[in-house]
>>> print(open('run.cif').read())   # mmCIF, C-alpha atoms and all ligand atoms
data_model
#
loop_
_atom_site.group_PDB
_atom_site.id
_atom_site.type_symbol
_atom_site.label_atom_id
_atom_site.label_comp_id
_atom_site.auth_asym_id
_atom_site.auth_seq_id
_atom_site.Cartn_x
_atom_site.Cartn_y
_atom_site.Cartn_z
ATOM 1 C CA MET U 1 -12.406 -4.902 28.079
ATOM 2 C CA ALA U 2 -11.103 -2.087 25.863
ATOM 3 C CA ASN U 3 -13.608 0.511 24.739
ATOM 4 C CA TRP U 4 -12.239 1.787 21.448
ATOM 5 C CA PHE U 5 -14.938 4.072 20.125
ATOM 6 C CA GLU U 6 -17.012 6.693 21.914
ATOM 7 C CA ILE U 7 -18.355 8.704 19.027
ATOM 8 C CA PRO U 8 -20.295 11.852 19.951
ATOM 9 C CA PRO U 9 -23.093 12.922 17.604
ATOM 10 C CA GLY U 10 -21.958 15.295 14.875
ATOM 11 C CA ASP U 11 -19.542 14.941 12.009
ATOM 12 C CA PRO U 12 -19.165 11.500 10.364
ATOM 13 C CA TYR U 13 -16.477 9.439 12.086
ATOM 14 C CA PHE U 14 -13.550 7.611 10.446
ATOM 15 C CA CYS U 15 -10.336 6.153 11.802
ATOM 16 C CA VAL U 16 -7.178 4.239 10.945
ATOM 17 C CA VAL U 17 -6.565 1.014 12.875
ATOM 18 C CA GLY U 18 -3.311 -0.899 13.228
ATOM 19 C CA SER U 19 -0.444 -1.551 15.641
ATOM 20 C CA PRO U 20 1.751 0.415 16.086
ATOM 21 C CA ILE U 21 -0.363 3.363 14.928
ATOM 22 C CA ALA U 22 1.113 6.494 16.531
ATOM 23 C CA HIS U 23 3.241 7.238 13.427
ATOM 24 C CA SER U 24 0.326 7.032 10.958
ATOM 25 C CA LYS U 25 -0.135 10.042 8.680
ATOM 26 C CA SER U 26 -3.657 8.981 7.672
ATOM 27 C CA PRO U 27 -5.462 11.491 9.956
ATOM 28 C CA ASP U 28 -3.394 14.387 8.545
ATOM 29 C CA ILE U 29 -4.156 13.256 4.998
ATOM 30 C CA HIS U 30 -7.902 12.690 5.424
ATOM 31 C CA LEU U 31 -8.415 15.902 7.424
ATOM 32 C CA ALA U 32 -6.480 17.843 4.758
ATOM 33 C CA PHE U 33 -8.687 16.313 2.026
ATOM 34 C CA GLY U 34 -11.759 17.240 4.088
ATOM 35 C CA ARG U 35 -10.661 20.895 4.423
ATOM 36 C CA GLN U 36 -9.852 21.023 0.707
ATOM 37 C CA CYS U 37 -13.270 19.611 -0.299
ATOM 38 C CA GLY U 38 -15.334 21.453 2.352
ATOM 39 C CA ILE U 39 -16.353 18.172 4.013
ATOM 40 C CA ALA U 40 -16.557 18.035 7.823
ATOM 41 C CA LEU U 41 -15.351 14.757 9.349
ATOM 42 C CA ARG U 42 -13.628 13.313 12.385
ATOM 43 C CA TYR U 43 -10.690 10.950 11.806
ATOM 44 C CA GLU U 44 -8.570 9.336 14.531
ATOM 45 C CA ARG U 45 -5.753 6.821 15.035
ATOM 46 C CA ILE U 46 -6.880 3.772 17.025
ATOM 47 C CA GLU U 47 -4.430 1.117 18.242
ATOM 48 C CA VAL U 48 -5.943 -2.329 17.605
ATOM 49 C CA HIS U 49 -4.116 -5.670 17.810
ATOM 50 C CA ALA U 50 -4.908 -8.467 15.360
ATOM 51 C CA ARG U 51 -6.599 -10.702 17.931
ATOM 52 C CA CYS U 52 -8.985 -7.831 18.809
ATOM 53 C CA PHE U 53 -9.987 -6.676 15.319
ATOM 54 C CA ALA U 54 -13.362 -8.439 15.171
ATOM 55 C CA ARG U 55 -14.417 -6.945 18.528
ATOM 56 C CA ALA U 56 -13.183 -3.467 17.566
ATOM 57 C CA LEU U 57 -15.077 -3.702 14.286
ATOM 58 C CA ALA U 58 -18.353 -4.640 15.998
ATOM 59 C CA GLU U 59 -17.936 -1.738 18.421
ATOM 60 C CA PHE U 60 -17.128 0.681 15.573
ATOM 61 C CA VAL U 61 -20.310 -0.266 13.700
ATOM 62 C CA ASP U 62 -22.458 -0.087 16.871
ATOM 63 C CA ALA U 63 -21.019 3.352 17.691
ATOM 64 C CA GLY U 64 -21.983 4.720 14.257
ATOM 65 C CA GLY U 65 -18.532 4.820 12.575
ATOM 66 C CA ARG U 66 -18.595 5.253 8.785
ATOM 67 C CA GLY U 67 -15.263 3.911 7.522
ATOM 68 C CA MET U 68 -11.851 2.617 8.567
ATOM 69 C CA SER U 69 -8.411 2.661 7.027
ATOM 70 C CA ILE U 70 -6.631 -0.584 7.933
ATOM 71 C CA THR U 71 -2.873 -0.919 8.212
ATOM 72 C CA VAL U 72 -0.180 -3.333 9.421
ATOM 73 C CA PRO U 73 -0.741 -5.970 10.820
ATOM 74 C CA LEU U 74 -4.520 -6.088 10.348
ATOM 75 C CA LYS U 75 -5.098 -6.268 6.582
ATOM 76 C CA GLU U 76 -5.601 -10.055 6.329
ATOM 77 C CA GLU U 77 -7.490 -10.302 9.629
ATOM 78 C CA ALA U 78 -9.773 -7.478 8.495
ATOM 79 C CA PHE U 79 -10.426 -9.220 5.181
ATOM 80 C CA ARG U 80 -11.644 -12.284 7.086
ATOM 81 C CA ALA U 81 -13.797 -10.291 9.514
ATOM 82 C CA LEU U 82 -15.536 -8.003 6.982
ATOM 83 C CA SER U 83 -18.797 -9.236 5.487
ATOM 84 C CA ILE U 84 -18.650 -8.057 1.838
ATOM 85 C CA HIS U 85 -15.518 -8.121 -0.340
ATOM 86 C CA GLN U 86 -15.015 -5.750 -3.260
ATOM 87 C CA PRO U 87 -13.059 -7.321 -6.165
ATOM 88 C CA ARG U 88 -9.774 -5.557 -5.268
ATOM 89 C CA ALA U 89 -9.924 -7.014 -1.742
ATOM 90 C CA ALA U 90 -11.076 -10.436 -2.927
ATOM 91 C CA LEU U 91 -8.165 -10.643 -5.397
ATOM 92 C CA THR U 92 -5.545 -9.855 -2.766
ATOM 93 C CA GLY U 93 -7.113 -11.469 0.312
ATOM 94 C CA ALA U 94 -6.442 -8.255 2.237
ATOM 95 C CA ALA U 95 -8.364 -5.101 3.116
ATOM 96 C CA ASN U 96 -6.760 -1.688 3.565
ATOM 97 C CA MET U 97 -10.107 0.066 4.012
ATOM 98 C CA MET U 98 -13.707 -0.683 4.949
ATOM 99 C CA THR U 99 -16.989 1.126 4.612
ATOM 100 C CA VAL U 100 -20.082 0.650 6.770
ATOM 101 C CA ALA U 101 -23.025 0.286 4.380
ATOM 102 C CA ALA U 102 -26.466 1.750 5.113
ATOM 103 C CA ASP U 103 -27.729 -1.677 6.244
ATOM 104 C CA GLY U 104 -24.789 -2.067 8.682
ATOM 105 C CA SER U 105 -22.859 -4.572 6.560
ATOM 106 C CA THR U 106 -19.109 -3.987 6.365
ATOM 107 C CA VAL U 107 -17.494 -3.669 2.935
ATOM 108 C CA ALA U 108 -13.814 -4.571 2.457
ATOM 109 C CA ASP U 109 -11.743 -2.923 -0.271
ATOM 110 C CA ASN U 110 -8.044 -2.601 -1.060
ATOM 111 C CA ALA U 111 -6.753 0.668 -2.533
ATOM 112 C CA ASP U 112 -2.996 -0.037 -2.148
ATOM 113 C CA GLY U 113 -2.482 -1.175 -5.760
ATOM 114 C CA THR U 114 -4.492 1.732 -7.135
ATOM 115 C CA GLY U 115 -2.471 4.094 -4.923
ATOM 116 C CA LEU U 116 0.852 2.757 -6.202
ATOM 117 C CA VAL U 117 -0.153 2.801 -9.878
ATOM 118 C CA ARG U 118 -1.591 6.339 -9.617
ATOM 119 C CA ASP U 119 1.596 7.565 -7.986
ATOM 120 C CA LEU U 120 3.755 5.926 -10.659
ATOM 121 C CA THR U 121 1.671 7.030 -13.634
ATOM 122 C CA ASP U 122 -0.103 10.272 -12.650
ATOM 123 C CA ASN U 123 2.470 11.803 -10.284
ATOM 124 C CA HIS U 124 5.716 10.520 -11.811
ATOM 125 C CA GLY U 125 4.620 10.181 -15.436
ATOM 126 C CA LEU U 126 5.720 6.553 -15.845
ATOM 127 C CA TYR U 127 4.193 4.395 -18.560
ATOM 128 C CA LEU U 128 4.030 0.735 -17.518
ATOM 129 C CA LYS U 129 2.562 -0.954 -20.609
ATOM 130 C CA GLY U 130 5.155 -3.178 -22.269
ATOM 131 C CA ARG U 131 7.755 -2.403 -19.576
ATOM 132 C CA ARG U 132 9.862 -4.862 -17.565
ATOM 133 C CA LEU U 133 9.032 -4.632 -13.862
ATOM 134 C CA LEU U 134 10.936 -6.141 -10.952
ATOM 135 C CA LEU U 135 9.125 -6.315 -7.597
ATOM 136 C CA LEU U 136 11.273 -7.002 -4.515
ATOM 137 C CA GLY U 137 9.448 -8.785 -1.680
ATOM 138 C CA ALA U 138 6.472 -11.134 -1.455
ATOM 139 C CA GLY U 139 4.752 -9.976 1.739
ATOM 140 C CA GLY U 140 1.424 -8.216 2.199
ATOM 141 C CA ALA U 141 2.426 -5.034 0.374
ATOM 142 C CA ALA U 142 3.647 -6.950 -2.689
ATOM 143 C CA ARG U 143 0.515 -9.113 -2.793
ATOM 144 C CA GLY U 144 -1.675 -5.995 -2.560
ATOM 145 C CA VAL U 145 -0.183 -4.287 -5.618
ATOM 146 C CA ILE U 146 0.362 -7.171 -8.056
ATOM 147 C CA PRO U 147 -3.151 -7.155 -9.652
ATOM 148 C CA ALA U 148 -3.015 -3.380 -10.239
ATOM 149 C CA LEU U 149 0.504 -3.606 -11.736
ATOM 150 C CA LEU U 150 -0.526 -6.444 -14.077
ATOM 151 C CA GLU U 151 -3.585 -4.452 -15.151
ATOM 152 C CA GLU U 152 -1.134 -1.925 -16.648
ATOM 153 C CA GLN U 153 0.044 -4.710 -19.028
ATOM 154 C CA PRO U 154 3.802 -4.763 -18.398
ATOM 155 C CA SER U 155 5.773 -7.162 -20.632
ATOM 156 C CA GLU U 156 6.855 -8.980 -17.453
ATOM 157 C CA LEU U 157 6.512 -8.670 -13.699
ATOM 158 C CA PHE U 158 9.257 -10.573 -11.906
ATOM 159 C CA ILE U 159 9.115 -11.037 -8.140
ATOM 160 C CA ALA U 160 12.335 -11.544 -6.150
ATOM 161 C CA ASN U 161 12.083 -12.709 -2.559
ATOM 162 C CA ARG U 162 14.352 -14.164 0.125
ATOM 163 C CA THR U 163 11.820 -16.955 0.705
ATOM 164 C CA LEU U 164 11.272 -18.240 -2.826
ATOM 165 C CA ARG U 165 8.162 -20.233 -1.900
ATOM 166 C CA LYS U 166 6.270 -17.046 -1.011
ATOM 167 C CA ALA U 167 7.075 -15.578 -4.421
ATOM 168 C CA THR U 168 6.070 -18.777 -6.251
ATOM 169 C CA ASP U 169 2.801 -18.798 -4.256
ATOM 170 C CA LEU U 170 2.080 -15.300 -5.596
ATOM 171 C CA VAL U 171 2.821 -16.457 -9.130
ATOM 172 C CA ALA U 172 0.436 -19.398 -8.664
ATOM 173 C CA GLN U 173 -2.233 -17.019 -7.374
ATOM 174 C CA PHE U 174 -1.882 -14.300 -10.023
ATOM 175 C CA HIS U 175 -0.522 -15.959 -13.184
ATOM 176 C CA THR U 176 -3.865 -15.711 -14.949
ATOM 177 C CA LEU U 177 -3.708 -11.895 -14.700
ATOM 178 C CA GLY U 178 -0.507 -11.430 -16.719
ATOM 179 C CA PRO U 179 3.144 -12.438 -17.302
ATOM 180 C CA ILE U 180 4.620 -12.990 -13.851
ATOM 181 C CA GLY U 181 7.648 -14.942 -12.581
ATOM 182 C CA ALA U 182 9.330 -15.740 -9.250
ATOM 183 C CA PHE U 183 13.039 -15.811 -8.375
ATOM 184 C CA ASP U 184 15.297 -15.695 -5.410
ATOM 185 C CA TYR U 185 17.716 -12.792 -5.449
ATOM 186 C CA VAL U 186 20.691 -14.666 -6.888
ATOM 187 C CA ASP U 187 18.652 -15.980 -9.832
ATOM 188 C CA VAL U 188 16.971 -12.743 -10.941
ATOM 189 C CA PRO U 189 17.678 -12.453 -14.694
ATOM 190 C CA SER U 190 20.626 -10.098 -14.833
ATOM 191 C CA ARG U 191 19.763 -7.083 -17.012
ATOM 192 C CA PRO U 192 18.428 -3.590 -16.404
ATOM 193 C CA TYR U 193 14.685 -3.379 -15.655
ATOM 194 C CA ASP U 194 12.481 -0.415 -16.536
ATOM 195 C CA LEU U 195 11.106 -0.200 -13.002
ATOM 196 C CA VAL U 196 12.349 -1.781 -9.746
ATOM 197 C CA ILE U 197 9.941 -1.571 -6.789
ATOM 198 C CA ASN U 198 11.116 -2.313 -3.249
ATOM 199 C CA ALA U 199 8.201 -3.878 -1.336
ATOM 200 C CA THR U 200 10.388 -5.495 1.321
ATOM 201 C CA SER U 201 10.371 -4.237 4.898
ATOM 202 C CA LEU U 202 14.184 -3.839 4.824
ATOM 203 C CA SER U 203 14.078 -0.045 4.445
ATOM 204 C CA LEU U 204 12.469 0.165 7.888
ATOM 205 C CA SER U 205 15.811 -0.955 9.358
ATOM 206 C CA GLY U 206 17.988 0.932 6.868
ATOM 207 C CA GLU U 207 19.001 -2.245 4.997
ATOM 208 C CA ILE U 208 18.811 -3.081 1.300
ATOM 209 C CA PRO U 209 17.775 -6.274 -0.509
ATOM 210 C CA PRO U 210 20.673 -8.392 -1.851
ATOM 211 C CA LEU U 211 20.022 -7.360 -5.458
ATOM 212 C CA SER U 212 22.619 -7.384 -8.221
ATOM 213 C CA ALA U 213 23.502 -3.894 -9.468
ATOM 214 C CA ASP U 214 23.095 -5.275 -13.031
ATOM 215 C CA THR U 215 19.334 -4.843 -12.609
ATOM 216 C CA ILE U 216 19.756 -1.046 -12.518
ATOM 217 C CA GLY U 217 20.558 0.775 -15.764
ATOM 218 C CA SER U 218 20.632 4.367 -16.918
ATOM 219 C CA GLU U 219 16.931 4.175 -17.869
ATOM 220 C CA THR U 220 15.749 2.326 -14.730
ATOM 221 C CA CYS U 221 13.273 4.025 -12.403
ATOM 222 C CA CYS U 222 13.320 2.858 -8.780
ATOM 223 C CA TYR U 223 10.554 3.022 -6.200
ATOM 224 C CA ASP U 224 10.661 2.315 -2.466
ATOM 225 C CA MET U 225 7.277 1.752 -0.828
ATOM 226 C CA MET U 226 8.716 3.096 2.393
ATOM 227 C CA TYR U 227 8.666 6.899 2.678
ATOM 228 C CA THR U 228 10.741 9.430 4.538
ATOM 229 C CA ALA U 229 10.509 13.170 5.138
ATOM 230 C CA ASP U 230 13.126 13.955 2.500
ATOM 231 C CA GLY U 231 12.321 11.131 0.048
ATOM 232 C CA HIS U 232 15.668 9.382 0.656
ATOM 233 C CA THR U 233 15.876 5.737 1.701
ATOM 234 C CA ARG U 234 18.955 3.544 1.820
ATOM 235 C CA PHE U 235 17.581 1.502 -1.116
ATOM 236 C CA LEU U 236 16.990 4.600 -3.263
ATOM 237 C CA ASP U 237 20.464 5.915 -2.412
ATOM 238 C CA TRP U 238 21.909 2.558 -3.551
ATOM 239 C CA CYS U 239 19.904 2.792 -6.795
ATOM 240 C CA ARG U 240 21.162 6.328 -7.430
ATOM 241 C CA ASP U 241 24.744 5.215 -6.751
ATOM 242 C CA ASN U 242 24.250 2.519 -9.393
ATOM 243 C CA GLY U 243 23.042 4.986 -12.021
ATOM 244 C CA ALA U 244 19.232 4.832 -11.814
ATOM 245 C CA ALA U 245 17.395 7.381 -13.950
ATOM 246 C CA ALA U 246 14.900 8.391 -11.243
ATOM 247 C CA CYS U 247 14.061 7.422 -7.651
ATOM 248 C CA TYR U 248 10.778 7.820 -5.751
ATOM 249 C CA ASP U 249 9.680 6.923 -2.232
ATOM 250 C CA GLY U 250 6.207 5.677 -1.201
ATOM 251 C CA LEU U 251 4.682 8.887 0.179
ATOM 252 C CA GLY U 252 2.682 9.428 -3.007
ATOM 253 C CA MET U 253 1.356 5.855 -2.813
ATOM 254 C CA LEU U 254 0.163 6.498 0.736
ATOM 255 C CA VAL U 255 -1.621 9.713 -0.248
ATOM 256 C CA GLU U 256 -3.102 8.233 -3.443
ATOM 257 C CA GLN U 257 -4.576 5.197 -1.670
ATOM 258 C CA ALA U 258 -6.045 7.578 0.932
ATOM 259 C CA ALA U 259 -7.527 9.701 -1.871
ATOM 260 C CA ASN U 260 -9.134 6.585 -3.335
ATOM 261 C CA SER U 261 -10.656 5.731 0.078
ATOM 262 C CA PHE U 262 -11.788 9.337 0.543
ATOM 263 C CA SER U 263 -13.588 9.367 -2.813
ATOM 264 C CA ILE U 264 -15.358 6.086 -1.946
ATOM 265 C CA TRP U 265 -16.464 7.452 1.447
ATOM 266 C CA HIS U 266 -17.387 11.012 0.427
ATOM 267 C CA GLY U 267 -18.082 10.826 -3.327
ATOM 268 C CA VAL U 268 -15.473 13.507 -4.128
ATOM 269 C CA ALA U 269 -11.966 12.978 -5.543
ATOM 270 C CA PRO U 270 -9.494 15.247 -3.689
ATOM 271 C CA ASP U 271 -6.447 16.893 -5.239
ATOM 272 C CA THR U 272 -3.467 14.929 -3.937
ATOM 273 C CA ALA U 273 -0.581 17.182 -5.075
ATOM 274 C CA PRO U 274 -0.935 19.869 -2.352
ATOM 275 C CA VAL U 275 -1.287 17.205 0.341
ATOM 276 C CA ILE U 276 1.851 15.363 -0.819
ATOM 277 C CA ALA U 277 3.706 18.694 -0.896
ATOM 278 C CA ALA U 278 2.485 19.625 2.609
ATOM 279 C CA LEU U 279 3.590 16.250 4.049
ATOM 280 C CA ARG U 280 7.110 16.769 2.648
HETATM 281 P P1 LIG H 301 5.692 -7.987 5.271
HETATM 282 O O1 LIG H 301 6.236 -8.219 6.633
HETATM 283 O O2 LIG H 301 4.390 -8.599 4.889
HETATM 284 O O3 LIG H 301 6.769 -8.481 4.166
HETATM 285 C C1 LIG H 301 8.129 -8.184 4.337
HETATM 286 C C2 LIG H 301 8.911 -8.516 3.077
HETATM 287 O O4 LIG H 301 10.278 -8.093 3.287
HETATM 288 C C3 LIG H 301 8.966 -10.007 2.754
HETATM 289 O O5 LIG H 301 9.010 -10.202 1.367
HETATM 290 C C4 LIG H 301 10.285 -10.432 3.413
HETATM 291 O O6 LIG H 301 10.882 -11.568 2.824
HETATM 292 C C5 LIG H 301 11.151 -9.221 3.118
HETATM 293 N N1 LIG H 301 12.271 -9.185 4.062
HETATM 294 C C6 LIG H 301 12.216 -8.918 5.388
HETATM 295 N N2 LIG H 301 13.445 -9.024 5.934
HETATM 296 C C7 LIG H 301 14.287 -9.377 4.922
HETATM 297 C C8 LIG H 301 15.691 -9.653 4.865
HETATM 298 N N3 LIG H 301 16.474 -9.571 5.947
HETATM 299 N N4 LIG H 301 16.225 -9.971 3.666
HETATM 300 C C9 LIG H 301 15.444 -10.048 2.557
HETATM 301 N N5 LIG H 301 14.097 -9.822 2.557
HETATM 302 C C10 LIG H 301 13.532 -9.487 3.739
HETATM 303 O O7 LIG H 301 5.653 -6.379 5.107
HETATM 304 P P2 LIG H 301 4.682 -5.559 4.139
HETATM 305 O O8 LIG H 301 4.653 -6.256 2.842
HETATM 306 O O9 LIG H 301 3.405 -5.279 4.833
HETATM 307 O O10 LIG H 301 5.429 -4.118 4.018
HETATM 308 C C11 LIG H 301 6.600 -3.973 3.226
HETATM 309 C C12 LIG H 301 6.962 -2.493 3.115
HETATM 310 O O11 LIG H 301 5.999 -1.772 2.378
HETATM 311 C C13 LIG H 301 7.099 -1.767 4.461
HETATM 312 O O12 LIG H 301 8.252 -0.953 4.398
HETATM 313 C C14 LIG H 301 5.848 -0.900 4.512
HETATM 314 O O13 LIG H 301 6.061 0.268 5.293
HETATM 315 C C15 LIG H 301 5.666 -0.561 3.040
HETATM 316 N N6 LIG H 301 4.287 -0.189 2.681
HETATM 317 C C16 LIG H 301 4.059 1.089 2.197
HETATM 318 C C17 LIG H 301 2.788 1.490 1.829
HETATM 319 C C18 LIG H 301 2.579 2.885 1.298
HETATM 320 O O14 LIG H 301 1.423 3.309 1.187
HETATM 321 N N7 LIG H 301 3.622 3.593 0.947
HETATM 322 C C19 LIG H 301 1.628 0.588 1.947
HETATM 323 C C20 LIG H 301 1.966 -0.735 2.435
HETATM 324 C C21 LIG H 301 3.252 -1.088 2.798
HETATM 325 P P3 LIG H 301 10.480 -13.072 3.335
HETATM 326 O O15 LIG H 301 9.196 -13.397 2.657
HETATM 327 O O16 LIG H 301 11.619 -13.901 2.908
HETATM 328 O O17 LIG H 301 10.336 -12.986 4.840
#
>>> encode(input="run.cif", output="structure tokens")
Amino acid sequence: MANWFEIPPGDPYFCVVGSPIAHSKSPDIHLAFGRQCGIALRYERIEVHARCFARALAEFVDAGGRGMSITVPLKEEAFRALSIHQPRAALTGAANMMTVAADGSTVADNADGTGLVRDLTDNHGLYLKGRRLLLLGAGGAARGVIPALLEEQPSELFIANRTLRKATDLVAQFHTLGPIGAFDYVDVPSRPYDLVINATSLSLSGEIPPLSADTIGSETCCYDMMYTADGHTRFLDWCRDNGAAACYDGLGMLVEQAANSFSIWHGVAPDTAPVIAALR
């Protein structure tokens, strides 16, 4: 049987779990926040498969771990296995972080939506109230950010997805939170949007969603949740070629959701700008 956690006494222990996990930047981010805030901690990458999450969690708690970041493909499995659900996790049915409470209970939370909205508004200066938003994709990442986007009170949040049923399921789940609609790509109302967010996994393979160029205008900002070293993705290049006003990748989202987790775990809000700059 795998033995995931052997935690020596000393600094509080945190980790990121997922599969694959070798590429994760979470340790770099959390250790950089720790140095910045004068907080000593240990933070590691741990490969955990979905069928093993419950066992890994029990071992983590027994070994004295304090908190976990949770990434693909464990977010839904983790939500089910964790004992207490904060509202952001309960709304999305997914956990991207957990905290071990003093009594040993495990608290699920989801900082992905907060991370995206902070990156859009604080780092890129976008104002979402009254704006027309188009979200591409209806997988876990899209589900995780919809409540936070609707909280910003856009005039509409349209979801386009290859599998229409998954988008209509999201509309059924979230329609009480704000104006939201579902389309497949060919039926997306054809006009420029204020913000187009790519939450599909297509950028991972260098592909782009089959979106009409009419959705991009000279005032459209475009965001790809995937991130790269130089901030370029095939989707963002396509948006630029079609005249987008500004293009951003998802590195800031990653750092902002980590900052939100860090402040929950350590009670201090780190400065994200130098960490984003260092990761570039
Ligand atoms: P999922 O596997 O849950 O969802 C994938 C989505 O992509 C679905 O909507 C799927 O459509 C769509 N898709 C896949 N292949 C195609 C295709 N050939 N044509 C059209 N649509 C397609 O992935 P996640 O939601 O977990 O992740 C999506 C992206 O977000 C990834 O790139 C991930 O790295 C990124 N991400 C970034 C974060 C950050 O902090 N920056 C945080 C979380 C995620 P369908 O439903 O039809 O299958």
>>> residues_around(input="run.cif", residues="segment 182-194 of chain U", least_positions_apart="3", cutoff="10 Å", atoms="only C-alpha atoms", output="PDB file with C-alpha atoms, in the frame of the given file")
ATOM      1  CA  LEU U 126       5.720   6.553 -15.845  1.00  0.00           C
ATOM      2  CA  TYR U 127       4.193   4.395 -18.560  1.00  0.00           C
ATOM      3  CA  LEU U 128       4.030   0.735 -17.518  1.00  0.00           C
ATOM      4  CA  GLY U 130       5.155  -3.178 -22.269  1.00  0.00           C
ATOM      5  CA  ARG U 131       7.755  -2.403 -19.576  1.00  0.00           C
ATOM      6  CA  ARG U 132       9.862  -4.862 -17.565  1.00  0.00           C
ATOM      7  CA  LEU U 133       9.032  -4.632 -13.862  1.00  0.00           C
ATOM      8  CA  LEU U 134      10.936  -6.141 -10.952  1.00  0.00           C
ATOM      9  CA  LEU U 135       9.125  -6.315  -7.597  1.00  0.00           C
ATOM     10  CA  LEU U 136      11.273  -7.002  -4.515  1.00  0.00           C
ATOM     11  CA  GLY U 137       9.448  -8.785  -1.680  1.00  0.00           C
ATOM     12  CA  ALA U 138       6.472 -11.134  -1.455  1.00  0.00           C
ATOM     13  CA  PRO U 154       3.802  -4.763 -18.398  1.00  0.00           C
ATOM     14  CA  GLU U 156       6.855  -8.980 -17.453  1.00  0.00           C
ATOM     15  CA  LEU U 157       6.512  -8.670 -13.699  1.00  0.00           C
ATOM     16  CA  PHE U 158       9.257 -10.573 -11.906  1.00  0.00           C
ATOM     17  CA  ILE U 159       9.115 -11.037  -8.140  1.00  0.00           C
ATOM     18  CA  ALA U 160      12.335 -11.544  -6.150  1.00  0.00           C
ATOM     19  CA  ASN U 161      12.083 -12.709  -2.559  1.00  0.00           C
ATOM     20  CA  ARG U 162      14.352 -14.164   0.125  1.00  0.00           C
ATOM     21  CA  THR U 163      11.820 -16.955   0.705  1.00  0.00           C
ATOM     22  CA  LEU U 164      11.272 -18.240  -2.826  1.00  0.00           C
ATOM     23  CA  ARG U 165       8.162 -20.233  -1.900  1.00  0.00           C
ATOM     24  CA  LYS U 166       6.270 -17.046  -1.011  1.00  0.00           C
ATOM     25  CA  ALA U 167       7.075 -15.578  -4.421  1.00  0.00           C
ATOM     26  CA  THR U 168       6.070 -18.777  -6.251  1.00  0.00           C
ATOM     27  CA  ASP U 169       2.801 -18.798  -4.256  1.00  0.00           C
ATOM     28  CA  LEU U 170       2.080 -15.300  -5.596  1.00  0.00           C
ATOM     29  CA  VAL U 171       2.821 -16.457  -9.130  1.00  0.00           C
ATOM     30  CA  ALA U 172       0.436 -19.398  -8.664  1.00  0.00           C
ATOM     31  CA  PRO U 209      17.775  -6.274  -0.509  1.00  0.00           C
ATOM     32  CA  PRO U 210      20.673  -8.392  -1.851  1.00  0.00           C
ATOM     33  CA  LEU U 211      20.022  -7.360  -5.458  1.00  0.00           C
ATOM     34  CA  SER U 212      22.619  -7.384  -8.221  1.00  0.00           C
ATOM     35  CA  ALA U 213      23.502  -3.894  -9.468  1.00  0.00           C
ATOM     36  CA  ASP U 214      23.095  -5.275 -13.031  1.00  0.00           C
ATOM     37  CA  THR U 215      19.334  -4.843 -12.609  1.00  0.00           C
ATOM     38  CA  ILE U 216      19.756  -1.046 -12.518  1.00  0.00           C
ATOM     39  CA  GLY U 217      20.558   0.775 -15.764  1.00  0.00           C
ATOM     40  CA  SER U 218      20.632   4.367 -16.918  1.00  0.00           C
ATOM     41  CA  GLU U 219      16.931   4.175 -17.869  1.00  0.00           C
ATOM     42  CA  THR U 220      15.749   2.326 -14.730  1.00  0.00           C
ATOM     43  CA  CYS U 221      13.273   4.025 -12.403  1.00  0.00           C
ATOM     44  CA  CYS U 222      13.320   2.858  -8.780  1.00  0.00           C
ATOM     45  CA  ALA U 244      19.232   4.832 -11.814  1.00  0.00           C
ATOM     46  CA  ALA U 245      17.395   7.381 -13.950  1.00  0.00           C
TER      47      ALA U 245
END
>>> resolve_selection(input="run.cif", expression="the PyMOL selection byres (((chain U and resi 75) around 9) and not hetatm)", output="VMD selection string")
chain U and resid 18 70 to 74 76 to 80 93 to 97 110 140
>>> atom_distance(input="run.cif", atom1="atom O4 of ligand LIG 301 (chain H)", atom2="atom CA of Asp109 of chain U")
22.9 Å
>>> atom_distance(input="run.cif", atom1="atom CA of His124 of chain U", atom2="atom CA of Gly252 of chain U")
9.4 Å
>>> closest_residue(input="run.cif", among="U:Gly267, U:Gly113, U:Pro8, U:Gly34", to="ligand LIG 301 (chain H)", atoms="all atoms listed in the file")
U:Gly113
>>> closest_residue(input="run.cif", among="U:Ala22, U:Ile208, U:Ile264, U:Val48", to="Arg66 of chain U", atoms="all atoms listed in the file")
U:Ile264
